[in-house]
>>> print(open('query.csv').read())   # CSV, C-alpha atoms
chain,number,residue,atom,x,y,z
A,1,MET,CA,-127.5,-36.5,-39.0
A,2,THR,CA,-129.8,-33.5,-38.3
A,3,LEU,CA,-128.4,-31.1,-35.7
A,4,PRO,CA,-130.7,-30.5,-32.7
A,5,ALA,CA,-132.5,-27.1,-32.6
A,6,LEU,CA,-131.6,-24.4,-30.1
A,7,ASP,CA,-135.2,-24.2,-28.9
A,8,LEU,CA,-134.5,-25.2,-25.3
A,9,LEU,CA,-131.6,-22.6,-25.0
A,10,MET,CA,-133.8,-19.9,-26.5
A,11,LEU,CA,-136.8,-20.6,-24.3
A,12,PRO,CA,-135.9,-18.4,-21.3
A,13,LEU,CA,-134.6,-15.7,-23.5
A,14,ARG,CA,-137.7,-15.5,-25.8
A,15,GLU,CA,-140.6,-17.2,-24.1
A,16,PRO,CA,-140.0,-17.2,-20.3
A,17,GLU,CA,-143.7,-17.7,-19.8
A,18,ARG,CA,-143.3,-21.3,-21.0
A,19,LEU,CA,-140.7,-22.2,-18.4
A,20,GLY,CA,-143.2,-23.9,-16.1
A,21,SER,CA,-143.6,-26.7,-18.7
A,22,LEU,CA,-139.9,-27.9,-18.4
A,23,THR,CA,-139.1,-31.2,-16.8
A,24,PRO,CA,-136.2,-31.6,-14.3
A,25,GLY,CA,-134.1,-33.2,-17.0
A,26,GLN,CA,-134.7,-30.3,-19.4
A,27,TRP,CA,-133.8,-27.8,-16.6
A,28,ASP,CA,-130.5,-29.6,-16.1
A,29,LEU,CA,-129.7,-29.6,-19.8
A,30,LEU,CA,-130.7,-26.0,-20.1
A,31,VAL,CA,-128.3,-24.9,-17.4
A,32,ARG,CA,-125.5,-26.9,-18.9
A,33,GLN,CA,-126.1,-25.5,-22.3
A,34,GLY,CA,-126.4,-22.0,-20.9
A,35,ARG,CA,-123.2,-22.2,-19.0
A,36,ARG,CA,-121.3,-23.3,-22.1
A,37,ALA,CA,-122.8,-20.3,-24.0
A,38,ASP,CA,-122.2,-17.8,-21.2
A,39,LEU,CA,-125.9,-16.9,-21.2
A,40,LEU,CA,-127.0,-17.8,-17.7
A,41,ALA,CA,-127.0,-14.2,-16.4
A,42,ARG,CA,-128.9,-13.1,-19.5
A,43,MET,CA,-131.5,-15.8,-18.8
A,44,ALA,CA,-131.8,-14.6,-15.2
A,45,GLU,CA,-132.5,-11.0,-16.4
A,46,ARG,CA,-135.2,-12.1,-18.8
A,47,ILE,CA,-136.8,-14.3,-16.1
A,48,ASP,CA,-136.6,-11.3,-13.8
A,49,ALA,CA,-138.2,-9.0,-16.3
A,50,ALA,CA,-141.0,-11.4,-17.0
A,51,GLY,CA,-141.6,-12.1,-13.3
A,52,ARG,CA,-141.4,-15.9,-13.8
A,53,TRP,CA,-139.1,-17.0,-10.9
A,54,ALA,CA,-142.0,-19.1,-9.5
A,55,ASP,CA,-141.6,-21.3,-12.6
A,56,VAL,CA,-137.9,-22.0,-11.9
A,57,PRO,CA,-136.9,-24.8,-9.6
A,58,PRO,CA,-135.2,-23.4,-6.4
A,59,GLU,CA,-131.8,-25.1,-7.1
A,60,VAL,CA,-131.8,-23.7,-10.7
A,61,ALA,CA,-132.9,-20.3,-9.5
A,62,ARG,CA,-130.0,-20.1,-7.0
A,63,HIS,CA,-127.6,-20.9,-9.8
A,64,LEU,CA,-129.1,-18.3,-12.2
A,65,ARG,CA,-129.3,-15.6,-9.6
A,66,SER,CA,-125.7,-16.2,-8.7
A,67,MET,CA,-124.6,-15.5,-12.3
A,68,GLN,CA,-127.0,-12.5,-12.4
A,69,LEU,CA,-125.3,-11.0,-9.3
A,70,LEU,CA,-121.9,-11.6,-10.8
A,71,ALA,CA,-122.8,-9.9,-14.1
A,72,ARG,CA,-124.3,-6.9,-12.1
A,73,ARG,CA,-121.1,-6.6,-10.0
A,74,GLN,CA,-119.1,-6.6,-13.2
A,75,HIS,CA,-121.3,-3.8,-14.5
A,76,GLU,CA,-120.7,-1.8,-11.3
A,77,GLU,CA,-117.0,-2.3,-11.6
A,78,LEU,CA,-117.2,-1.2,-15.3
A,79,ARG,CA,-118.9,2.1,-14.4
A,80,HIS,CA,-116.3,2.7,-11.7
A,81,GLU,CA,-113.4,1.9,-14.1
A,82,THR,CA,-114.9,4.1,-16.8
A,83,GLN,CA,-114.6,7.1,-14.4
A,84,GLN,CA,-111.0,6.3,-13.8
A,85,LEU,CA,-110.3,6.1,-17.5
A,86,LEU,CA,-112.1,9.4,-18.1
A,87,ARG,CA,-109.5,11.1,-16.0
A,88,VAL,CA,-106.7,9.7,-18.2
A,89,PHE,CA,-108.5,10.6,-21.5
A,90,GLY,CA,-109.6,14.0,-20.2
A,91,GLN,CA,-106.0,14.9,-19.6
A,92,ALA,CA,-105.0,13.7,-23.0
A,93,GLY,CA,-107.9,15.7,-24.6
A,94,LEU,CA,-109.4,12.5,-26.2
A,95,PRO,CA,-112.9,11.1,-26.0
A,96,LEU,CA,-113.2,7.8,-24.3
A,97,VAL,CA,-114.7,5.4,-26.9
A,98,LEU,CA,-116.0,2.1,-25.5
A,99,LEU,CA,-116.5,-1.0,-27.6
A,100,LYS,CA,-118.5,-4.3,-27.4
A,101,GLY,CA,-119.8,-5.3,-23.9
A,102,ALA,CA,-118.7,-2.1,-22.1
A,103,ALA,CA,-120.5,0.0,-24.7
A,104,TYR,CA,-123.7,-2.2,-24.5
A,105,VAL,CA,-123.8,-1.9,-20.7
A,106,LEU,CA,-123.1,1.9,-20.4
A,107,GLN,CA,-125.8,2.6,-23.0
A,108,ASP,CA,-128.3,0.6,-21.1
A,109,LEU,CA,-129.1,-1.4,-24.2
A,110,ARG,CA,-131.0,-4.6,-24.0
A,111,VAL,CA,-128.0,-6.6,-25.2
A,112,GLY,CA,-126.1,-5.4,-22.1
A,113,GLU,CA,-128.6,-7.0,-19.7
A,114,GLY,CA,-126.9,-10.0,-18.1
A,115,ARG,CA,-123.9,-9.5,-20.5
A,116,MET,CA,-120.7,-10.6,-18.8
A,117,VAL,CA,-117.9,-8.0,-19.1
A,118,SER,CA,-114.6,-9.5,-18.0
A,119,ASP,CA,-112.5,-6.7,-19.6
A,120,ILE,CA,-113.0,-3.3,-21.1
A,121,ASP,CA,-112.4,-2.6,-24.8
A,122,ILE,CA,-111.6,1.0,-26.0
A,123,LEU,CA,-110.8,2.5,-29.3
A,124,VAL,CA,-108.2,5.3,-29.8
A,125,PRO,CA,-106.7,6.9,-32.9
A,126,ARG,CA,-103.6,5.0,-34.0
A,127,GLU,CA,-101.6,8.2,-34.2
A,128,ARG,CA,-102.3,8.9,-30.5
A,129,LEU,CA,-101.6,5.3,-29.4
A,130,ALA,CA,-98.2,5.9,-27.9
A,131,GLU,CA,-99.5,8.9,-26.0
A,132,VAL,CA,-102.5,7.0,-24.6
A,133,GLU,CA,-100.4,4.0,-23.6
A,134,SER,CA,-97.9,6.2,-21.7
A,135,ALA,CA,-100.8,8.0,-19.9
A,136,LEU,CA,-102.3,4.7,-19.0
A,137,MET,CA,-99.0,3.4,-17.7
A,138,LEU,CA,-98.6,6.5,-15.5
A,139,SER,CA,-102.1,5.7,-14.1
A,140,GLY,CA,-101.2,2.2,-13.1
A,141,TRP,CA,-101.9,0.1,-16.2
A,142,VAL,CA,-99.2,-2.4,-17.3
A,143,SER,CA,-99.0,-4.8,-20.2
A,144,THR,CA,-99.8,-8.4,-19.3
A,145,ASN,CA,-97.4,-9.7,-21.9
A,146,THR,CA,-93.7,-9.0,-21.6
A,147,ASN,CA,-92.5,-11.3,-24.4
A,148,ALA,CA,-90.6,-9.3,-26.9
A,149,TYR,CA,-91.9,-11.2,-29.9
A,150,ASP,CA,-95.5,-10.9,-28.8
A,151,GLN,CA,-95.1,-7.2,-28.2
A,152,ARG,CA,-93.7,-6.7,-31.7
A,153,TYR,CA,-96.3,-8.9,-33.2
A,154,TYR,CA,-99.2,-7.0,-31.6
A,155,ARG,CA,-97.8,-3.6,-32.4
A,156,THR,CA,-97.0,-4.4,-36.0
A,157,TRP,CA,-99.8,-6.6,-37.2
A,158,MET,CA,-102.7,-6.5,-34.8
A,159,HIS,CA,-105.5,-4.1,-34.1
A,160,GLU,CA,-104.8,-3.7,-30.4
A,161,LEU,CA,-102.1,-3.5,-27.8
A,162,PRO,CA,-101.4,-6.6,-25.6
A,163,PRO,CA,-104.0,-6.6,-22.8
A,164,MET,CA,-103.2,-4.2,-20.0
A,165,ARG,CA,-104.0,-4.8,-16.3
A,166,HIS,CA,-104.3,-2.3,-13.5
A,167,LEU,CA,-101.7,-2.9,-10.8
A,168,ARG,CA,-104.0,-2.2,-7.9
A,169,ARG,CA,-107.6,-2.9,-9.1
A,170,GLY,CA,-106.7,-5.8,-11.4
A,171,THR,CA,-109.1,-4.8,-14.2
A,172,VAL,CA,-108.1,-5.7,-17.7
A,173,LEU,CA,-108.1,-3.2,-20.6
A,174,ASP,CA,-107.9,-3.9,-24.3
A,175,VAL,CA,-106.7,-0.8,-26.2
A,176,HIS,CA,-107.8,-1.0,-29.8
A,177,HIS,CA,-106.4,1.3,-32.6
A,178,ALA,CA,-108.4,-0.5,-35.3
A,179,LEU,CA,-111.4,-2.8,-35.4
A,180,VAL,CA,-109.8,-5.7,-37.3
A,181,PRO,CA,-106.2,-6.9,-37.5
A,182,LEU,CA,-104.0,-4.7,-39.7
A,183,SER,CA,-102.6,-7.9,-41.4
A,184,GLY,CA,-106.1,-9.4,-42.1
A,185,ARG,CA,-108.0,-9.7,-45.3
A,186,LEU,CA,-110.9,-7.7,-43.9
A,187,ARG,CA,-109.8,-4.1,-43.8
A,188,ALA,CA,-111.4,-0.9,-42.5
A,189,ASP,CA,-110.2,2.6,-41.8
A,190,PRO,CA,-111.1,3.2,-38.1
A,191,SER,CA,-111.1,7.0,-38.7
A,192,ALA,CA,-114.5,6.6,-40.5
A,193,MET,CA,-116.1,5.0,-37.4
A,194,LEU,CA,-114.2,7.4,-35.0
A,195,GLY,CA,-115.6,10.3,-37.0
A,196,ASP,CA,-119.1,9.1,-36.3
A,197,ILE,CA,-119.0,8.2,-32.6
A,198,ARG,CA,-121.9,9.1,-30.4
A,199,PRO,CA,-121.9,10.4,-26.8
A,200,ILE,CA,-123.5,8.1,-24.3
A,201,PRO,CA,-126.4,9.8,-22.5
A,202,GLY,CA,-125.7,10.4,-18.8
A,203,GLN,CA,-122.0,9.6,-19.2
A,204,PRO,CA,-120.2,12.9,-20.1
A,205,GLY,CA,-117.0,12.3,-22.0
A,206,VAL,CA,-117.9,8.7,-22.8
A,207,HIS,CA,-118.7,7.6,-26.3
A,208,ALA,CA,-119.7,4.6,-28.4
A,209,LEU,CA,-119.7,3.7,-32.0
A,210,ALA,CA,-122.8,4.7,-34.1
A,211,PRO,CA,-125.5,2.0,-34.0
A,212,VAL,CA,-124.7,0.7,-37.5
A,213,ASP,CA,-121.0,0.5,-36.7
A,214,MET,CA,-121.7,-1.4,-33.5
A,215,VAL,CA,-123.5,-4.0,-35.5
A,216,LEU,CA,-120.9,-4.2,-38.2
A,217,HIS,CA,-118.1,-4.5,-35.6
A,218,SER,CA,-119.8,-7.4,-33.9
A,219,ALA,CA,-120.5,-9.1,-37.3
A,220,ALA,CA,-116.8,-8.6,-38.3
A,221,HIS,CA,-115.6,-10.1,-35.1
A,222,LEU,CA,-117.8,-13.1,-35.6
A,223,TYR,CA,-116.7,-13.4,-39.2
A,224,ALA,CA,-113.0,-13.3,-38.6
A,225,GLU,CA,-112.9,-15.1,-35.2
A,226,GLY,CA,-111.5,-18.6,-35.2
A,227,GLU,CA,-112.3,-19.6,-31.6
A,228,LEU,CA,-116.1,-19.7,-31.6
A,229,GLU,CA,-116.9,-21.3,-28.2
A,230,LEU,CA,-118.9,-18.1,-27.5
A,231,GLY,CA,-120.1,-17.7,-31.1
A,232,CYS,CA,-123.7,-18.3,-30.0
A,233,ARG,CA,-123.5,-15.4,-27.6
A,234,GLY,CA,-122.0,-13.2,-30.3
A,235,LEU,CA,-124.8,-14.1,-32.7
A,236,LEU,CA,-127.4,-13.3,-29.9
A,237,ASP,CA,-125.6,-10.0,-29.4
A,238,ILE,CA,-126.2,-9.1,-33.0
A,239,GLU,CA,-129.8,-10.2,-32.8
A,240,LEU,CA,-130.5,-8.0,-29.8
A,241,LEU,CA,-128.7,-5.0,-31.4
A,242,VAL,CA,-130.6,-5.2,-34.7
A,243,GLY,CA,-133.8,-5.8,-32.8
A,244,GLU,CA,-133.4,-2.6,-30.8
A,245,PHE,CA,-131.9,-0.4,-33.4
A,246,GLY,CA,-134.1,-1.8,-36.1
A,247,GLN,CA,-137.2,-0.1,-34.5
A,248,ASP,CA,-136.0,3.0,-36.4
A,249,PRO,CA,-137.1,2.5,-40.1
A,250,ALA,CA,-133.9,4.3,-41.3
A,251,PHE,CA,-131.6,1.8,-39.6
A,252,TRP,CA,-131.7,-1.1,-42.1
A,253,PRO,CA,-130.9,1.0,-45.2
A,254,ALA,CA,-128.2,2.8,-43.3
A,255,LEU,CA,-126.7,-0.5,-42.1
A,256,THR,CA,-126.4,-2.1,-45.6
A,257,ALA,CA,-125.1,1.2,-47.0
A,258,ARG,CA,-122.5,1.4,-44.3
A,259,ALA,CA,-121.4,-2.2,-45.0
A,260,THR,CA,-121.1,-1.4,-48.7
A,261,ALA,CA,-119.0,1.7,-48.0
A,262,LEU,CA,-116.7,-0.1,-45.7
A,263,HIS,CA,-116.5,-3.2,-47.9
A,264,TRP,CA,-117.9,-5.3,-45.0
A,265,GLU,CA,-120.9,-6.7,-46.9
A,266,ARG,CA,-119.6,-10.3,-46.4
A,267,PRO,CA,-119.5,-10.3,-42.6
A,268,LEU,CA,-122.8,-8.5,-42.3
A,269,ALA,CA,-124.5,-10.9,-44.8
A,270,GLN,CA,-123.1,-13.9,-43.1
A,271,ALA,CA,-124.3,-12.7,-39.7
A,272,LEU,CA,-127.8,-12.0,-41.0
A,273,VAL,CA,-128.1,-15.3,-42.8
A,274,TYR,CA,-127.1,-17.2,-39.6
A,275,LEU,CA,-129.5,-15.2,-37.5
A,276,ASP,CA,-132.2,-16.3,-39.9
A,277,GLU,CA,-131.2,-19.9,-40.1
A,278,LEU,CA,-130.0,-20.7,-36.6
A,279,LEU,CA,-132.0,-18.4,-34.4
A,280,ARG,CA,-135.0,-17.8,-36.7
A,281,THR,CA,-134.6,-14.1,-35.9
A,282,PRO,CA,-137.5,-12.0,-37.5
A,283,LEU,CA,-135.7,-9.8,-40.0
A,284,PRO,CA,-137.3,-7.3,-42.5
A,285,PRO,CA,-137.8,-9.1,-45.8
A,286,GLU,CA,-135.6,-6.6,-47.6
A,287,ALA,CA,-132.7,-7.2,-45.2
A,288,ARG,CA,-133.1,-11.0,-45.4
A,289,ASP,CA,-133.1,-10.8,-49.2
A,290,TRP,CA,-130.1,-8.5,-49.3
A,291,ALA,CA,-128.2,-10.9,-47.0
A,292,ALA,CA,-129.1,-14.0,-49.0
A,293,ARG,CA,-127.9,-12.4,-52.2
A,294,ALA,CA,-124.7,-11.1,-50.8
A,295,HIS,CA,-124.0,-14.3,-49.0
A,296,ARG,CA,-124.4,-16.3,-52.2
A,297,ARG,CA,-122.2,-13.9,-54.0
A,298,TRP,CA,-119.4,-14.0,-51.5
A,299,ALA,CA,-119.6,-17.8,-50.7
A,300,PRO,CA,-120.8,-19.5,-53.9
A,301,GLY,CA,-121.0,-23.1,-54.8
A,302,TRP,CA,-119.5,-26.0,-52.7
A,303,ARG,CA,-117.2,-23.6,-50.8
A,304,GLY,CA,-120.2,-21.7,-49.5
A,305,ARG,CA,-122.1,-24.9,-48.6
A,306,LEU,CA,-119.1,-26.2,-46.7
A,307,LEU,CA,-118.6,-22.9,-44.9
A,308,ASP,CA,-122.3,-22.9,-43.9
A,309,ALA,CA,-122.2,-26.4,-42.7
A,310,MET,CA,-119.2,-25.6,-40.5
A,311,TYR,CA,-120.7,-22.4,-39.0
A,312,ARG,CA,-124.0,-24.1,-38.3
A,313,ARG,CA,-122.1,-26.4,-36.0
A,314,ALA,CA,-119.5,-24.0,-34.5
A,315,LEU,CA,-122.0,-21.3,-33.7
A,316,ARG,CA,-123.8,-23.5,-31.3
A,317,PRO,CA,-122.8,-23.7,-27.7
A,318,ASP,CA,-119.9,-26.2,-27.2
A,319,HIS,CA,-122.1,-28.9,-25.6
A,320,HIS,CA,-122.5,-32.5,-26.7
A,321,SER,CA,-126.3,-32.1,-26.8
A,322,LEU,CA,-125.9,-29.5,-29.6
A,323,SER,CA,-123.2,-31.3,-31.5
A,324,ASP,CA,-122.8,-34.1,-34.0
A,325,ARG,CA,-119.9,-36.2,-35.2
A,326,TRP,CA,-118.7,-33.4,-37.5
A,327,THR,CA,-118.8,-30.6,-34.9
A,328,ALA,CA,-115.2,-31.0,-33.7
A,329,LEU,CA,-113.9,-31.0,-37.3
A,330,ALA,CA,-115.9,-27.9,-38.1
A,331,ARG,CA,-114.5,-26.0,-35.1
A,332,ALA,CA,-111.0,-27.0,-36.1
A,333,GLY,CA,-111.5,-25.9,-39.7
A,334,LEU,CA,-112.9,-22.5,-38.6
A,335,TYR,CA,-110.0,-22.1,-36.2
A,336,VAL,CA,-107.5,-22.5,-39.1
A,337,ARG,CA,-109.7,-20.2,-41.3
A,338,GLY,CA,-109.6,-17.5,-38.6
A,339,HIS,CA,-105.8,-17.5,-38.6
A,340,TRP,CA,-105.9,-17.5,-42.4
A,341,LEU,CA,-108.1,-14.4,-42.4
A,342,ARG,CA,-106.0,-12.6,-39.8
A,343,MET,CA,-102.6,-13.0,-41.6
A,344,PRO,CA,-101.2,-13.5,-45.1
A,345,PRO,CA,-99.6,-17.0,-45.7
A,346,TRP,CA,-96.0,-15.9,-45.2
A,347,LEU,CA,-96.7,-14.2,-41.9
A,348,LEU,CA,-99.0,-17.0,-40.7
A,349,ALA,CA,-96.3,-19.6,-41.4
A,350,GLY,CA,-93.6,-17.6,-39.6
A,351,HIS,CA,-95.9,-16.8,-36.7
A,352,LEU,CA,-96.9,-20.4,-36.1
A,353,ALA,CA,-93.4,-21.7,-36.4
A,354,ARG,CA,-92.2,-19.1,-33.9
A,355,LYS,CA,-95.0,-19.8,-31.4
A,356,SER,CA,-94.4,-23.5,-31.7
A,357,LEU,CA,-90.7,-23.1,-31.0
A,358,MET,CA,-91.5,-20.8,-28.0
A,359,ALA,CA,-93.9,-23.4,-26.7
A,360,LEU,CA,-91.3,-26.1,-26.8
A,361,ARG,CA,-88.8,-23.9,-25.0
A,362,ALA,CA,-91.3,-22.7,-22.3
A,363,PRO,CA,-91.1,-24.3,-18.8
A,364,ARG,CA,-93.7,-26.9,-18.1
A,365,GLY,CA,-97.0,-25.3,-17.0
A,366,ALA,CA,-96.2,-21.9,-18.6
A,367,THR,CA,-98.8,-20.3,-20.8
A,368,GLU,CA,-98.7,-17.9,-23.7
A,369,ASN,CA,-101.2,-15.4,-25.1
>>> encode(input="query.csv", output="structure tokens")
Amino acid sequence: MTLPALDLLMLPLREPERLGSLTPGQWDLLVRQGRRADLLARMAERIDAAGRWADVPPEVARHLRSMQLLARRQHEELRHETQQLLRVFGQAGLPLVLLKGAAYVLQDLRVGEGRMVSDIDILVPRERLAEVESALMLSGWVSTNTNAYDQRYYRTWMHELPPMRHLRRGTVLDVHHALVPLSGRLRADPSAMLGDIRPIPGQPGVHALAPVDMVLHSAAHLYAEGELELGCRGLLDIELLVGEFGQDPAFWPALTARATALHWERPLAQALVYLDELLRTPLPPEARDWAARAHRRWAPGWRGRLLDAMYRRALRPDHHSLSDRWTALARAGLYVRGHWLRMPPWLLAGHLARKSLMALRAPRGATEN
């Protein structure tokens, strides 16, 4: 069975001038797919920029504009919360380094347009982690997870603290001290990226990763993530990042060189291959060739073909119109693979056994992180 193309979902993002040709049934399907991919607000921004609202049925326009307003409100809250965090980091004598969606929005990058930002991700030096956590707690941030095992697990093996929530404002903060789990097979010294952070124009004291590191971080997240319900959005993030940064001719050689220096060739190659295959992203020939060679080297033979078949399914929005009979199995397989990449076998076995026991003992209706 051949998987359906993503043409309908990509239409408002790439060719909004063609929206007038859609039938009511296609509009209905587009909204359903876009909702599952968390892309409705991004679609609205593209339609806005192209001035094509006249081509959108009123009932669809109301839905898209509602999501657009929600994303813009999140962006306003993000800017306000960034100022609150600046006070904490200024007192600690540390730069505030934003990651992922927060960094995209504050830099006014195209990838930030319509990007939902439900929490704020920041990066701090590991040796300053206890100091930063104490300062945040004094400013009203508290951990959302009080389970002793989970706290020890996060602090010993993961790349971030358990999520923190502000007592009064309710915003959620993810404090990273590394970019990938400490127990994972993909390693990287965060000091290299922290040493090359860039100030965000118009935001004194606020920084982001260098452009090549932003792309590599997003690619690494996609590579090691087992829950890929928003994998299509993550892939689109990378497409928009390389599309904007790639206007500088020096970007692509710097990106592949950085991947080699960090030993992150595999996640970058995988991301570029799937951009080419799934989204038909226009990539420079040398970048496409580099990715194809690296991907074949790291995922050879039947294992590579199997992995590609799984990702081709799991990176699509989780909607029946974009699935086939193997999609559920592919998602389950990549979920297991994600845990395998995050932990060595002995740690994974112990962690799953402990979490299963905790789930059996938990009261009915209780949830765990």
>>> closest_residue(input="query.csv", among="A:Leu341, A:Ala50, A:Leu106, A:Leu9", to="Glu225 in chain A", atoms="all atoms listed in the file")
A:Leu341
>>> residues_around(input="query.csv", residues="Trp264 in chain A", least_positions_apart="5", cutoff="9 Å", atoms="all atoms listed in the file", output="PDB file with C-alpha atoms, in the coordinates of the input")
ATOM      1  CA  LEU A 186    -110.900  -7.700 -43.900  1.00  0.00           C
ATOM      2  CA  ARG A 187    -109.800  -4.100 -43.800  1.00  0.00           C
ATOM      3  CA  ALA A 188    -111.400  -0.900 -42.500  1.00  0.00           C
ATOM      4  CA  LEU A 216    -120.900  -4.200 -38.200  1.00  0.00           C
ATOM      5  CA  ALA A 219    -120.500  -9.100 -37.300  1.00  0.00           C
ATOM      6  CA  ALA A 220    -116.800  -8.600 -38.300  1.00  0.00           C
ATOM      7  CA  ARG A 258    -122.500   1.400 -44.300  1.00  0.00           C
ATOM      8  CA  ALA A 259    -121.400  -2.200 -45.000  1.00  0.00           C
ATOM      9  CA  ALA A 269    -124.500 -10.900 -44.800  1.00  0.00           C
TER      10      ALA A 269
END
>>> residues_around(input="query.csv", residues="range 76-85 of chain A", least_positions_apart="2", cutoff="8 Å", atoms="only C-alpha atoms", output="NGL selection string")
:A and (72-74 or 87-89 or 96 or 102 or 106 or 117 or 120 or 171)
>>> closest_residue(input="query.csv", among="A:Gly170, A:Gly114, A:Pro267, A:Gly246", to="Gln68 in chain A", atoms="only C-alpha atoms")
A:Gly114
>>> residues_around(input="query.csv", residues="Asp213 in chain A", least_positions_apart="2", cutoff="9 Å", atoms="all atoms listed in the file", output="ChimeraX atom specification")
/A:193,196-197,209-211,215-218,255,258-259
>>> atom_distance(input="query.csv", atom1="CA of Asp121 in chain A", atom2="CA of Lys100 in chain A")
6.8 Å
>>> closest_residue(input="query.csv", among="A:Pro204, A:Pro125, A:Gly90, A:Pro285", to="His159 in chain A", atoms="all atoms listed in the file")
A:Pro125
>>> closest_residue(input="query.csv", among="A:Arg128, A:Arg115, A:Arg165, A:Arg65", to="Pro95 in chain A", atoms="all atoms listed in the file")
A:Arg128
>>> decode(input="query.csv", residues="range 4-34 of chain A", atoms="C-alpha atoms", output="PDB file, in the first residue's frame")
ATOM      1  CA  PRO A   4      -0.870   9.192   0.737  1.00  0.00           C
ATOM      2  CA  ALA A   5       1.177  12.292   0.082  1.00  0.00           C
ATOM      3  CA  LEU A   6       1.218  15.299   2.392  1.00  0.00           C
ATOM      4  CA  ASP A   7       0.203  17.625  -0.443  1.00  0.00           C
ATOM      5  CA  LEU A   8      -3.086  18.771   1.106  1.00  0.00           C
ATOM      6  CA  LEU A   9      -1.488  19.578   4.473  1.00  0.00           C
ATOM      7  CA  MET A  10       1.358  21.486   2.805  1.00  0.00           C
ATOM      8  CA  LEU A  11      -0.898  23.518   0.506  1.00  0.00           C
ATOM      9  CA  PRO A  12      -1.694  26.452   2.872  1.00  0.00           C
ATOM     10  CA  LEU A  13       1.919  26.496   4.081  1.00  0.00           C
ATOM     11  CA  ARG A  14       3.526  26.561   0.649  1.00  0.00           C
ATOM     12  CA  GLU A  15       0.932  27.577  -1.938  1.00  0.00           C
ATOM     13  CA  PRO A  16      -1.841  29.527  -0.190  1.00  0.00           C
ATOM     14  CA  GLU A  17      -2.769  31.058  -3.557  1.00  0.00           C
ATOM     15  CA  ARG A  18      -4.258  27.668  -4.529  1.00  0.00           C
ATOM     16  CA  LEU A  19      -6.639  27.443  -1.575  1.00  0.00           C
ATOM     17  CA  GLY A  20      -9.575  28.647  -3.660  1.00  0.00           C
ATOM     18  CA  SER A  21      -9.571  25.323  -5.523  1.00  0.00           C
ATOM     19  CA  LEU A  22     -10.344  23.200  -2.435  1.00  0.00           C
ATOM     20  CA  THR A  23     -13.712  21.492  -2.053  1.00  0.00           C
ATOM     21  CA  PRO A  24     -15.669  21.510   1.244  1.00  0.00           C
ATOM     22  CA  GLY A  25     -14.572  17.930   1.848  1.00  0.00           C
ATOM     23  CA  GLN A  26     -10.930  18.835   1.327  1.00  0.00           C
ATOM     24  CA  TRP A  27     -11.239  21.770   3.728  1.00  0.00           C
ATOM     25  CA  ASP A  28     -12.706  19.480   6.360  1.00  0.00           C
ATOM     26  CA  LEU A  29      -9.880  16.996   5.923  1.00  0.00           C
ATOM     27  CA  LEU A  30      -7.249  19.743   5.928  1.00  0.00           C
ATOM     28  CA  VAL A  31      -8.468  21.100   9.258  1.00  0.00           C
ATOM     29  CA  ARG A  32      -8.517  17.624  10.783  1.00  0.00           C
ATOM     30  CA  GLN A  33      -4.985  16.857   9.589  1.00  0.00           C
ATOM     31  CA  GLY A  34      -3.726  20.277  10.651  1.00  0.00           C
TER      32      GLY A  34
END
